[in-house]
Each structure stands twice: as structure tokens, then as C-alpha cells.
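Data block below; observations after.
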Amino acid sequence: MESIVGNLFLKPGRDKSIVRHHPWIFSGAIKRFEGDLQPGDLVAVRAAGGEYLATAYVNKRSQIQARIVTWDANDVIDDAFWRERLVRALAWREQLQLSAETNAVRLVNAEADGLPGLVVDKYGDYLVMQCLTAGIDSRKQMLAALLVELLQPTAVIDRSDAPVRKKEGLPLTTDVLYGVAIPDEVVITENGLKFAVDLLNGHKTGFYLDQRDNRTVACARRYVADGDVLNVFAYTGGFGVYAAVNGARSVVHVDSSAESIALAQANMRRNGYHRRQDEYVVADAFQLLRDYRDSGRQFDTIILDPPKFAHSQRDVNRATRGYKDLNWLAFRLLRPGGILATFSCSGLVSADLFQKVVFGAVIDAGRDAQIVQTMTQSADHPVLLSFPESAYLKGLLCRVW
Ligand code: SAH
């Protein structure tokens, strides 16, 4: 059994966010630690006067020096505690009945599932973990064993190669924690469509599961049928495959990575699209959209799903300029009545700010647009109300004239 090995005393008046169940404790809020604490060790979080507030795991190397695992002084943090948290997360995915729709699901969404620092995605019979903090990294064998017991997967892969681990002083690694002989690709089925996922080398854990619902929404037949679709930041080609299936006349996939474009093309073929009118372009999106503008090329639907532009508060201004530029270009390339599905996965850019940026872009493009739907991450990526940082993905479906 693990035990609490020390104390964390907050500065006077810094207990408010913790009482309101925000799970992060930054260095600036901490008066002192008590005990010989190794990264990942458990402490009692105490108000300046000594009163118990929560139990957290610590990492003094990180800006976020402690992450809370419970606010209940009676909780014993043993394997059964972690098991119960996993069971609770799995029960929600069961309730969602996603198996009718897909065999690729986010099972654990870190802080939002009461498991700070842990992500678990399921791809068919394979599980892929991301251990993003020292607290989870030091418990990953135990967590993997619990996942094996609960889900009997073929393998558990640890994709702990996310750059955020550097902020925790952790190395970037990819390991197989359970099972052997991981195939080069696993083919998943999402809404009847097939996608190859590279579990060991793909982005994040292999596939953008958070966009599942948005692929259905933005590339619905009513928006894409008989139209020319531009899928910018294509990666696996996800949005473009949905567009083709729903009757798009042509789909142009754009990505700066040749490997991603090859994957997009392979996924189009896998779903029966070998068409001459579809294009696969390896290019910088900012440059290519400018070239299309200069040559007068037009589209009926554009999808903009860029990577995260803002990694820290310092990046936010630059990120908003990037979003504005892209959206401005996209608005200029749309035919009257055309649809723009535009996304930001930067948690630091709020939905409000993003909407303002898109608004600025449409004005500068000399167009007008309606928001016909707002989009967010799929329900297997829940957002904790006390932790708004867990709402990172936002999208606007706009109709332009
Ligand atoms: N829409 C995809 C996910 C996109 S991830 C899906 O649904 O799966 C972001 C992608 O943008 C990555 O594949 C990355 O290679 C690509 N990318 C990053 N910077 C780029 C740029 N400047 N121009 C074009 N593509 C870029």
C-alpha cells in the first residue's frame, strides 16, 4: 500500500482553487514541503494553518508541483483506489455505447477522469497509454497490470514520448508494457470506415479520437455532397475520407508531412477511393493556401484542423495570428454558400478568443459568415467543470457568403 509521505503547505489565502476542486498546484501557491519527497510521492495538501485539503502526488521539477488525486481524507491511495478510478472511467465509456460506432475509444482522459496525467486509448484489442507526469510514470506498471486485468487487451503500449514530459523532467520513451509483436499498423473501424493506425509511431497515441464526432458533423452529406473539399492538416485523411463517402466531388488533402499524406492516401484507398480527381499535396498550408488564392482556386468546403499552436501563455499572441491568417485565407477560397469547419486544439486559446479570431478573419477577407454549429471534443474526452483546461478542442462550422 502506498502512503502519504509528507506534507505540502500552501501560502496563506492560496487554498481557494483547491477547495474548488482544481487539481493543479503551482509552485507560486506553495509555502513549503515537509518530508523527503521523490517525484510521484504522495503528500497531504494543507492550508497555511495546517488543515487537510486534499491528497496529491508531487514533482518539484515541474511548474505544476502537485496534482490532486482526492479531496477525501479517508481515501487510502492503494491499488484498489487506482482500480476504482479506472473502473469509473471505463463505466462511462460503456454507457456511451460507442462500440456500435467505433472500436477506437479514449478510455481515460487524465484529470477529467480523476486520473491526472494518465491517458489511455483503445484501438481494437490494443491499449495505448500516455504517462504524462512523474506521478503516473512511477505507477505505470501497476496501472498497466490493472488495465490488463480489467480489459484483457492483446497488448499495452506506453507512448510516453509526448514532449510535455520534458516539463516533468521525464525522458521520452515508447515501450511495450504488456504483450508482444505489435503490428506496424492496426486497422480500426470508425462509423464503418477503415483507418490504419501506427500505435508505436503515430501522433499522440496514433489517431485523433477527439475529432470523431466532428468528422461526422462537418463532413455530413448535406455539407459536402457534390462539392470540392479541401482537407487542410490532413494527417490520416480522416475528414477527407468522410467527405468522399458522403459524396464530395473531389477531396484535396494537404499536410506538410509526406508520411501523413501517404497515410491519408492509403486510408482513402482502403475505403475504396482511388479517384483521379482527389489530390494529395505535401506542402506548408500557409503557403499553399496563398498559392490557391493567387491562382483563383475555389472550394465548397474547407476543413482547417491545425496542430496545437499555443504551448504556453507566451505563444498565445503568435498562435492567434496563425489562426487568423489561416482562416482569412480559407474564407477567401470558399465559393458563396461554402462551408468552413475550423478548429483549434490549443487549450490556452479559449472558445471565445477563437471565435473572435475567426470573426476578425472573415471581416478582413471581406466576407460574411454564419456559425451554423459549434463543435467540441467527443464525449469520451469529457471536460471536468472544475478544470476548464480539459476543454481544449473547439470548432466552428461556418457558412460563408
Ligand atoms: N485532421 C487530422 C489531424 C491533424 S493533426 C485528423 O483528423 O486526424 C495536424 C497535422 O498538421 C499533422 O499531420 C502535421 O503534419 C500537419 N502540419 C503541421 N504544420 C503544418 C503546416 N504548416 N502545413 C501543413 N501541415 C502541417
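Scheme for the C-alpha cells: letters A, B, ... for chains in order shown; per-chain residue numbers from 1; ligand numbers from 1 in order shown.
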
key: Close residues to ligand 1 using only C-alpha atoms and all ligand atoms, limit 7 Å, as a PyMOL selection string   = chain A and resi 207-208+211+232-239+254-257+260+283-286+305-307

With N, CA and C atoms retained, could you export that selection as a PDB file, in the first residue's frame?
ATOM      1  N   PHE A 207      -4.118   8.219 -33.294  1.00  0.00           N
ATOM      2  CA  PHE A 207      -5.252   8.696 -34.084  1.00  0.00           C
ATOM      3  C   PHE A 207      -5.947   9.803 -33.304  1.00  0.00           C
ATOM      4  N   TYR A 208      -6.587  10.728 -34.032  1.00  0.00           N
ATOM      5  CA  TYR A 208      -7.278  11.825 -33.335  1.00  0.00           C
ATOM      6  C   TYR A 208      -8.718  11.421 -33.010  1.00  0.00           C
ATOM      7  N   GLN A 211     -11.696  14.022 -32.526  1.00  0.00           N
ATOM      8  CA  GLN A 211     -12.411  14.620 -33.662  1.00  0.00           C
ATOM      9  C   GLN A 211     -13.484  13.690 -34.242  1.00  0.00           C
ATOM     10  N   VAL A 232      -7.340  20.509 -44.951  1.00  0.00           N
ATOM     11  CA  VAL A 232      -6.014  21.039 -44.605  1.00  0.00           C
ATOM     12  C   VAL A 232      -5.589  20.481 -43.243  1.00  0.00           C
ATOM     13  N   PHE A 233      -4.321  20.085 -43.146  1.00  0.00           N
ATOM     14  CA  PHE A 233      -3.777  19.388 -41.963  1.00  0.00           C
ATOM     15  C   PHE A 233      -4.428  18.005 -41.886  1.00  0.00           C
ATOM     16  N   ALA A 234      -4.223  17.247 -42.931  1.00  0.00           N
ATOM     17  CA  ALA A 234      -4.998  16.015 -43.159  1.00  0.00           C
ATOM     18  C   ALA A 234      -4.612  14.855 -42.242  1.00  0.00           C
ATOM     19  N   TYR A 235      -3.330  14.729 -41.911  1.00  0.00           N
ATOM     20  CA  TYR A 235      -2.791  13.589 -41.165  1.00  0.00           C
ATOM     21  C   TYR A 235      -3.298  12.258 -41.728  1.00  0.00           C
ATOM     22  N   THR A 236      -4.204  11.556 -41.055  1.00  0.00           N
ATOM     23  CA  THR A 236      -4.666  10.251 -41.550  1.00  0.00           C
ATOM     24  C   THR A 236      -5.719  10.397 -42.649  1.00  0.00           C
ATOM     25  N   GLY A 237      -6.043  11.626 -42.995  1.00  0.00           N
ATOM     26  CA  GLY A 237      -7.059  11.849 -44.021  1.00  0.00           C
ATOM     27  C   GLY A 237      -8.475  11.747 -43.491  1.00  0.00           C
ATOM     28  N   GLY A 238      -8.631  11.656 -42.186  1.00  0.00           N
ATOM     29  CA  GLY A 238      -9.928  11.394 -41.554  1.00  0.00           C
ATOM     30  C   GLY A 238     -11.093  12.196 -42.131  1.00  0.00           C
ATOM     31  N   PHE A 239     -11.000  13.509 -42.054  1.00  0.00           N
ATOM     32  CA  PHE A 239     -12.118  14.328 -42.537  1.00  0.00           C
ATOM     33  C   PHE A 239     -12.369  14.073 -44.034  1.00  0.00           C
ATOM     34  N   VAL A 254      -4.088  18.055 -47.658  1.00  0.00           N
ATOM     35  CA  VAL A 254      -2.849  18.823 -47.532  1.00  0.00           C
ATOM     36  C   VAL A 254      -2.207  18.541 -46.183  1.00  0.00           C
ATOM     37  N   ASP A 255      -0.912  18.254 -46.207  1.00  0.00           N
ATOM     38  CA  ASP A 255      -0.168  18.123 -44.951  1.00  0.00           C
ATOM     39  C   ASP A 255       1.302  18.388 -45.267  1.00  0.00           C
ATOM     40  N   SER A 256       2.019  18.953 -44.304  1.00  0.00           N
ATOM     41  CA  SER A 256       3.445  19.233 -44.548  1.00  0.00           C
ATOM     42  C   SER A 256       4.289  17.970 -44.425  1.00  0.00           C
ATOM     43  N   SER A 257       3.712  16.918 -43.866  1.00  0.00           N
ATOM     44  CA  SER A 257       4.467  15.680 -43.688  1.00  0.00           C
ATOM     45  C   SER A 257       4.127  14.684 -44.803  1.00  0.00           C
ATOM     46  N   SER A 260       2.395  11.627 -43.533  1.00  0.00           N
ATOM     47  CA  SER A 260       0.968  11.804 -43.267  1.00  0.00           C
ATOM     48  C   SER A 260       0.169  11.740 -44.555  1.00  0.00           C
ATOM     49  N   ALA A 283       2.716  20.029 -48.523  1.00  0.00           N
ATOM     50  CA  ALA A 283       3.035  21.467 -48.600  1.00  0.00           C
ATOM     51  C   ALA A 283       2.774  22.121 -47.262  1.00  0.00           C
ATOM     52  N   ASP A 284       3.376  23.272 -47.097  1.00  0.00           N
ATOM     53  CA  ASP A 284       3.059  24.119 -45.947  1.00  0.00           C
ATOM     54  C   ASP A 284       1.696  24.761 -46.215  1.00  0.00           C
ATOM     55  N   ALA A 285       0.777  24.580 -45.290  1.00  0.00           N
ATOM     56  CA  ALA A 285      -0.601  25.035 -45.509  1.00  0.00           C
ATOM     57  C   ALA A 285      -0.654  26.540 -45.758  1.00  0.00           C
ATOM     58  N   PHE A 286       0.117  27.303 -45.010  1.00  0.00           N
ATOM     59  CA  PHE A 286       0.066  28.767 -45.149  1.00  0.00           C
ATOM     60  C   PHE A 286       0.456  29.175 -46.575  1.00  0.00           C
ATOM     61  N   ASP A 305      -7.746  21.934 -39.561  1.00  0.00           N
ATOM     62  CA  ASP A 305      -7.533  21.266 -38.269  1.00  0.00           C
ATOM     63  C   ASP A 305      -6.041  21.291 -37.924  1.00  0.00           C
ATOM     64  N   PRO A 306      -5.525  22.488 -37.639  1.00  0.00           N
ATOM     65  CA  PRO A 306      -4.073  22.612 -37.431  1.00  0.00           C
ATOM     66  C   PRO A 306      -3.608  21.980 -36.129  1.00  0.00           C
ATOM     67  N   PRO A 307      -2.303  21.746 -36.010  1.00  0.00           N
ATOM     68  CA  PRO A 307      -1.776  21.270 -34.734  1.00  0.00           C
ATOM     69  C   PRO A 307      -1.884  22.363 -33.690  1.00  0.00           C
TER      70      PRO A 307
END

ask   = So which bits of region 159-262 of chain A end up strand (DSSP E or B) when you DSSP the backbone, as a ChimeraX atom specification?
value = /A:159-160,173-178,186-190,193-197,228-232,250-255

Those same residues - N, CA and C atoms - I'd like them written as a PDB file, in the first residue's frame.
ATOM      1  N   ARG A 159       3.126   5.041 -24.765  1.00  0.00           N
ATOM      2  CA  ARG A 159       3.635   6.085 -25.668  1.00  0.00           C
ATOM      3  C   ARG A 159       4.006   7.309 -24.831  1.00  0.00           C
ATOM      4  N   SER A 160       5.035   7.148 -24.025  1.00  0.00           N
ATOM      5  CA  SER A 160       5.446   8.266 -23.183  1.00  0.00           C
ATOM      6  C   SER A 160       6.517   9.074 -23.913  1.00  0.00           C
ATOM      7  N   THR A 173       9.948   8.178 -24.059  1.00  0.00           N
ATOM      8  CA  THR A 173      10.147   6.757 -24.384  1.00  0.00           C
ATOM      9  C   THR A 173       8.881   6.150 -24.966  1.00  0.00           C
ATOM     10  N   THR A 174       9.081   5.067 -25.688  1.00  0.00           N
ATOM     11  CA  THR A 174       7.964   4.228 -26.133  1.00  0.00           C
ATOM     12  C   THR A 174       8.315   2.800 -25.740  1.00  0.00           C
ATOM     13  N   ASP A 175       7.437   2.171 -24.988  1.00  0.00           N
ATOM     14  CA  ASP A 175       7.703   0.802 -24.529  1.00  0.00           C
ATOM     15  C   ASP A 175       6.451  -0.046 -24.693  1.00  0.00           C
ATOM     16  N   VAL A 176       6.681  -1.344 -24.760  1.00  0.00           N
ATOM     17  CA  VAL A 176       5.541  -2.257 -24.697  1.00  0.00           C
ATOM     18  C   VAL A 176       5.508  -2.795 -23.269  1.00  0.00           C
ATOM     19  N   LEU A 177       4.453  -2.468 -22.536  1.00  0.00           N
ATOM     20  CA  LEU A 177       4.382  -2.871 -21.128  1.00  0.00           C
ATOM     21  C   LEU A 177       3.758  -4.256 -20.972  1.00  0.00           C
ATOM     22  N   TYR A 178       3.020  -4.666 -21.986  1.00  0.00           N
ATOM     23  CA  TYR A 178       2.379  -5.984 -21.919  1.00  0.00           C
ATOM     24  C   TYR A 178       2.136  -6.460 -23.343  1.00  0.00           C
ATOM     25  N   VAL A 186      -2.494  -1.074 -37.064  1.00  0.00           N
ATOM     26  CA  VAL A 186      -3.725  -1.720 -36.634  1.00  0.00           C
ATOM     27  C   VAL A 186      -4.833  -0.984 -37.377  1.00  0.00           C
ATOM     28  N   VAL A 187      -5.725  -1.726 -38.010  1.00  0.00           N
ATOM     29  CA  VAL A 187      -6.797  -1.063 -38.756  1.00  0.00           C
ATOM     30  C   VAL A 187      -8.026  -0.961 -37.856  1.00  0.00           C
ATOM     31  N   ILE A 188      -8.466   0.263 -37.628  1.00  0.00           N
ATOM     32  CA  ILE A 188      -9.655   0.464 -36.805  1.00  0.00           C
ATOM     33  C   ILE A 188     -10.853   0.758 -37.707  1.00  0.00           C
ATOM     34  N   THR A 189     -12.047   0.606 -37.140  1.00  0.00           N
ATOM     35  CA  THR A 189     -13.272   0.898 -37.883  1.00  0.00           C
ATOM     36  C   THR A 189     -14.027   1.980 -37.143  1.00  0.00           C
ATOM     37  N   GLU A 190     -14.242   3.099 -37.815  1.00  0.00           N
ATOM     38  CA  GLU A 190     -14.970   4.217 -37.210  1.00  0.00           C
ATOM     39  C   GLU A 190     -16.139   4.544 -38.131  1.00  0.00           C
ATOM     40  N   LEU A 193     -15.940   3.099 -41.481  1.00  0.00           N
ATOM     41  CA  LEU A 193     -14.771   3.428 -42.298  1.00  0.00           C
ATOM     42  C   LEU A 193     -13.509   2.865 -41.652  1.00  0.00           C
ATOM     43  N   LYS A 194     -12.554   2.513 -42.509  1.00  0.00           N
ATOM     44  CA  LYS A 194     -11.328   1.875 -42.007  1.00  0.00           C
ATOM     45  C   LYS A 194     -10.173   2.872 -41.980  1.00  0.00           C
ATOM     46  N   PHE A 195      -9.445   2.863 -40.898  1.00  0.00           N
ATOM     47  CA  PHE A 195      -8.254   3.710 -40.798  1.00  0.00           C
ATOM     48  C   PHE A 195      -7.101   2.908 -40.210  1.00  0.00           C
ATOM     49  N   ALA A 196      -5.937   3.046 -40.841  1.00  0.00           N
ATOM     50  CA  ALA A 196      -4.740   2.388 -40.295  1.00  0.00           C
ATOM     51  C   ALA A 196      -4.140   3.279 -39.223  1.00  0.00           C
ATOM     52  N   VAL A 197      -3.781   2.669 -38.114  1.00  0.00           N
ATOM     53  CA  VAL A 197      -3.188   3.426 -37.011  1.00  0.00           C
ATOM     54  C   VAL A 197      -1.828   2.808 -36.668  1.00  0.00           C
ATOM     55  N   ASP A 228     -16.363  20.451 -53.902  1.00  0.00           N
ATOM     56  CA  ASP A 228     -14.905  20.297 -53.872  1.00  0.00           C
ATOM     57  C   ASP A 228     -14.450  20.598 -52.445  1.00  0.00           C
ATOM     58  N   VAL A 229     -13.775  19.627 -51.852  1.00  0.00           N
ATOM     59  CA  VAL A 229     -13.418  19.718 -50.430  1.00  0.00           C
ATOM     60  C   VAL A 229     -11.903  19.864 -50.288  1.00  0.00           C
ATOM     61  N   LEU A 230     -11.500  20.795 -49.420  1.00  0.00           N
ATOM     62  CA  LEU A 230     -10.079  20.981 -49.114  1.00  0.00           C
ATOM     63  C   LEU A 230      -9.858  20.590 -47.658  1.00  0.00           C
ATOM     64  N   ASN A 231      -9.092  19.521 -47.452  1.00  0.00           N
ATOM     65  CA  ASN A 231      -8.846  18.999 -46.100  1.00  0.00           C
ATOM     66  C   ASN A 231      -7.429  19.390 -45.684  1.00  0.00           C
ATOM     67  N   VAL A 232      -7.340  20.509 -44.951  1.00  0.00           N
ATOM     68  CA  VAL A 232      -6.014  21.039 -44.605  1.00  0.00           C
ATOM     69  C   VAL A 232      -5.589  20.481 -43.243  1.00  0.00           C
ATOM     70  N   SER A 250     -14.638  16.080 -55.149  1.00  0.00           N
ATOM     71  CA  SER A 250     -13.185  15.904 -55.086  1.00  0.00           C
ATOM     72  C   SER A 250     -12.713  16.266 -53.688  1.00  0.00           C
ATOM     73  N   VAL A 251     -11.597  15.680 -53.288  1.00  0.00           N
ATOM     74  CA  VAL A 251     -11.009  16.000 -51.986  1.00  0.00           C
ATOM     75  C   VAL A 251      -9.518  16.267 -52.195  1.00  0.00           C
ATOM     76  N   VAL A 252      -9.073  17.435 -51.738  1.00  0.00           N
ATOM     77  CA  VAL A 252      -7.637  17.734 -51.732  1.00  0.00           C
ATOM     78  C   VAL A 252      -7.156  17.603 -50.290  1.00  0.00           C
ATOM     79  N   HIS A 253      -6.211  16.699 -50.068  1.00  0.00           N
ATOM     80  CA  HIS A 253      -5.621  16.527 -48.735  1.00  0.00           C
ATOM     81  C   HIS A 253      -4.295  17.280 -48.701  1.00  0.00           C
ATOM     82  N   VAL A 254      -4.088  18.055 -47.658  1.00  0.00           N
ATOM     83  CA  VAL A 254      -2.849  18.823 -47.532  1.00  0.00           C
ATOM     84  C   VAL A 254      -2.207  18.541 -46.183  1.00  0.00           C
ATOM     85  N   ASP A 255      -0.912  18.254 -46.207  1.00  0.00           N
ATOM     86  CA  ASP A 255      -0.168  18.123 -44.951  1.00  0.00           C
ATOM     87  C   ASP A 255       1.302  18.388 -45.267  1.00  0.00           C
TER      88      ASP A 255
END

message = Would you pick out the contacts of Val120 (chain A) at 12 Å or less, using only C-alpha atoms, so that residues sharing its chain but fewer than 2 positions from it are not included, and give the list as number ranges by chain?
response = A: 86, 89-90, 93, 104-110, 113, 115-118, 122-123, 126-132, 136, 140, 143-144, 147, 151, 156-160, 204-206, 209, 380-381

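Counting only C-alpha atoms, Lys11 (chain A) has the following residues at most 10 Å away, ignoring those fewer than 6 positions along the same chain: Gly28, Ala29, Ile30, Lys31, Arg32, Arg46, Ala47, Ala48 and Gly49 of chain A.
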
List every residue of region 193-285 of chain A that has an atom at most 9 Å from any atom of region 322-341 of chain A, and for each one report the closest atom pair and its distance in Å to one decimal, counting only C-alpha atoms, with rows sorted by chain and then by increasing residue number, as a Markdown table.
| residue | atom | partner | partner_atom | distance |
| --- | --- | --- | --- | --- |
| A:Asn214 | CA | A:Ala341 | CA | 8.9 |
| A:Ala218 | CA | A:Ala341 | CA | 6.2 |
| A:Cys219 | CA | A:Ala341 | CA | 8.8 |
| A:Tyr223 | CA | A:Ile339 | CA | 7.0 |
| A:Val224 | CA | A:Ile339 | CA | 8.5 |
| A:Ala285 | CA | A:Leu326 | CA | 8.0 |

Store the residues picked out above in a file with all heavy atoms, as a CSV table (one decimal), in the first residue's frame.
chain,number,residue,atom,x,y,z
A,214,ASN,N,-16.8,15.3,-34.8
A,214,ASN,CA,-16.7,16.4,-35.7
A,214,ASN,C,-16.5,16.0,-37.2
A,214,ASN,O,-16.9,16.7,-38.1
A,214,ASN,CB,-15.6,17.3,-35.3
A,214,ASN,CG,-15.9,17.8,-33.9
A,214,ASN,OD1,-17.0,17.9,-33.5
A,214,ASN,ND2,-14.8,18.1,-33.1
A,218,ALA,N,-19.0,17.8,-39.6
A,218,ALA,CA,-18.5,18.7,-40.6
A,218,ALA,C,-18.5,18.1,-42.0
A,218,ALA,O,-18.6,18.9,-43.0
A,218,ALA,CB,-17.1,19.2,-40.3
A,219,CYS,N,-18.4,16.8,-42.1
A,219,CYS,CA,-18.3,16.2,-43.4
A,219,CYS,C,-19.6,15.4,-43.7
A,219,CYS,O,-19.6,14.4,-44.5
A,219,CYS,CB,-17.1,15.3,-43.5
A,219,CYS,SG,-15.6,16.3,-43.5
A,223,TYR,N,-23.4,18.9,-46.2
A,223,TYR,CA,-22.4,19.9,-46.5
A,223,TYR,C,-21.4,19.6,-47.6
A,223,TYR,O,-20.9,20.6,-48.2
A,223,TYR,CB,-21.6,20.2,-45.2
A,223,TYR,CG,-22.4,20.6,-44.0
A,223,TYR,CD1,-22.2,20.0,-42.7
A,223,TYR,CD2,-23.4,21.6,-44.1
A,223,TYR,CE1,-23.0,20.4,-41.7
A,223,TYR,CE2,-24.1,22.0,-43.0
A,223,TYR,CZ,-23.9,21.4,-41.8
A,223,TYR,OH,-24.7,21.8,-40.7
A,224,VAL,N,-21.2,18.4,-47.8
A,224,VAL,CA,-20.1,18.1,-48.8
A,224,VAL,C,-20.5,17.5,-50.1
A,224,VAL,O,-19.7,17.5,-51.1
A,224,VAL,CB,-19.0,17.1,-48.1
A,224,VAL,CG1,-18.4,17.7,-46.9
A,224,VAL,CG2,-19.6,15.7,-47.9
A,285,ALA,N,0.8,24.6,-45.3
A,285,ALA,CA,-0.6,25.0,-45.5
A,285,ALA,C,-0.7,26.5,-45.8
A,285,ALA,O,-1.4,27.0,-46.6
A,285,ALA,CB,-1.5,24.7,-44.3

key: Non-local contacts of Arg249 (chain A) (8 Å; only C-alpha atoms; under 4 positions in same chain excluded) as a ChimeraX atom specification   = /A:225-229,244,277

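Residue nearest Gly347 (chain A), chosen from A:Ala361, A:Ala258, A:Val383, A:Ala391 and counting only C-alpha atoms: A:Ala391.
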
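With distances restricted to only C-alpha atoms, A:Gly135 is the closest residue to Leu42 (chain A) from A:Pro388, A:Gly114, A:Gly135, A:Gly124.
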
inquiry  = DSSP on the backbone: which residues in region 92-247 of chain A end up as alpha helix (DSSP H)? Give the answer as a PyMOL selection string.
reply    = chain A and resi 92-96+134-137+140-151+212-218+221-224+238-245

Using only C-alpha atoms, please write the residues we just selected to a file, as a tab-separated table (two decimals), in the first residue's frame.
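Heads up, here's the output in out_13.tsv:
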chain	number	residue	atom	x	y	z
A	92	TRP	CA	-18.66	5.94	-18.65
A	93	ARG	CA	-17.38	4.63	-21.98
A	94	GLU	CA	-19.60	1.57	-21.57
A	95	GLN	CA	-22.56	3.86	-21.04
A	96	LEU	CA	-21.71	5.77	-24.21
A	134	ALA	CA	6.07	11.67	-12.73
A	135	GLY	CA	3.18	10.61	-10.51
A	136	ILE	CA	1.76	8.41	-13.25
A	137	ASP	CA	5.13	7.38	-14.66
A	140	LYS	CA	2.66	2.82	-14.78
A	141	GLN	CA	3.45	-0.88	-14.31
A	142	MET	CA	0.72	-1.15	-11.69
A	143	LEU	CA	-1.73	0.80	-13.86
A	144	ALA	CA	-0.91	-1.36	-16.89
A	145	ALA	CA	-1.47	-4.50	-14.82
A	146	LEU	CA	-4.87	-3.18	-13.71
A	147	LEU	CA	-5.80	-2.42	-17.32
A	148	VAL	CA	-4.82	-5.95	-18.32
A	149	GLU	CA	-6.96	-7.36	-15.54
A	150	LEU	CA	-9.95	-5.17	-16.41
A	151	LEU	CA	-9.83	-5.34	-20.20
A	212	ARG	CA	-14.64	11.57	-34.18
A	213	ASP	CA	-17.97	13.39	-33.79
A	214	ASN	CA	-16.72	16.39	-35.74
A	215	ARG	CA	-15.78	14.28	-38.74
A	216	THR	CA	-19.43	13.20	-38.86
A	217	VAL	CA	-20.76	16.71	-38.30
A	218	ALA	CA	-18.51	18.72	-40.61
A	221	ARG	CA	-23.62	14.71	-46.79
A	222	ARG	CA	-25.63	17.93	-46.52
A	223	TYR	CA	-22.41	19.94	-46.45
A	224	VAL	CA	-20.08	18.07	-48.77
A	238	GLY	CA	-9.93	11.39	-41.55
A	239	PHE	CA	-12.12	14.33	-42.54
A	240	GLY	CA	-11.43	13.74	-46.24
A	241	VAL	CA	-12.43	10.08	-46.13
A	242	TYR	CA	-15.74	11.04	-44.52
A	243	ALA	CA	-16.21	13.73	-47.18
A	244	ALA	CA	-15.58	11.28	-50.01
A	245	VAL	CA	-18.01	8.76	-48.55

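Counting from CA of Ile68 (chain A), the distance to CA of Gly40 (chain A) is 11.3 Å.
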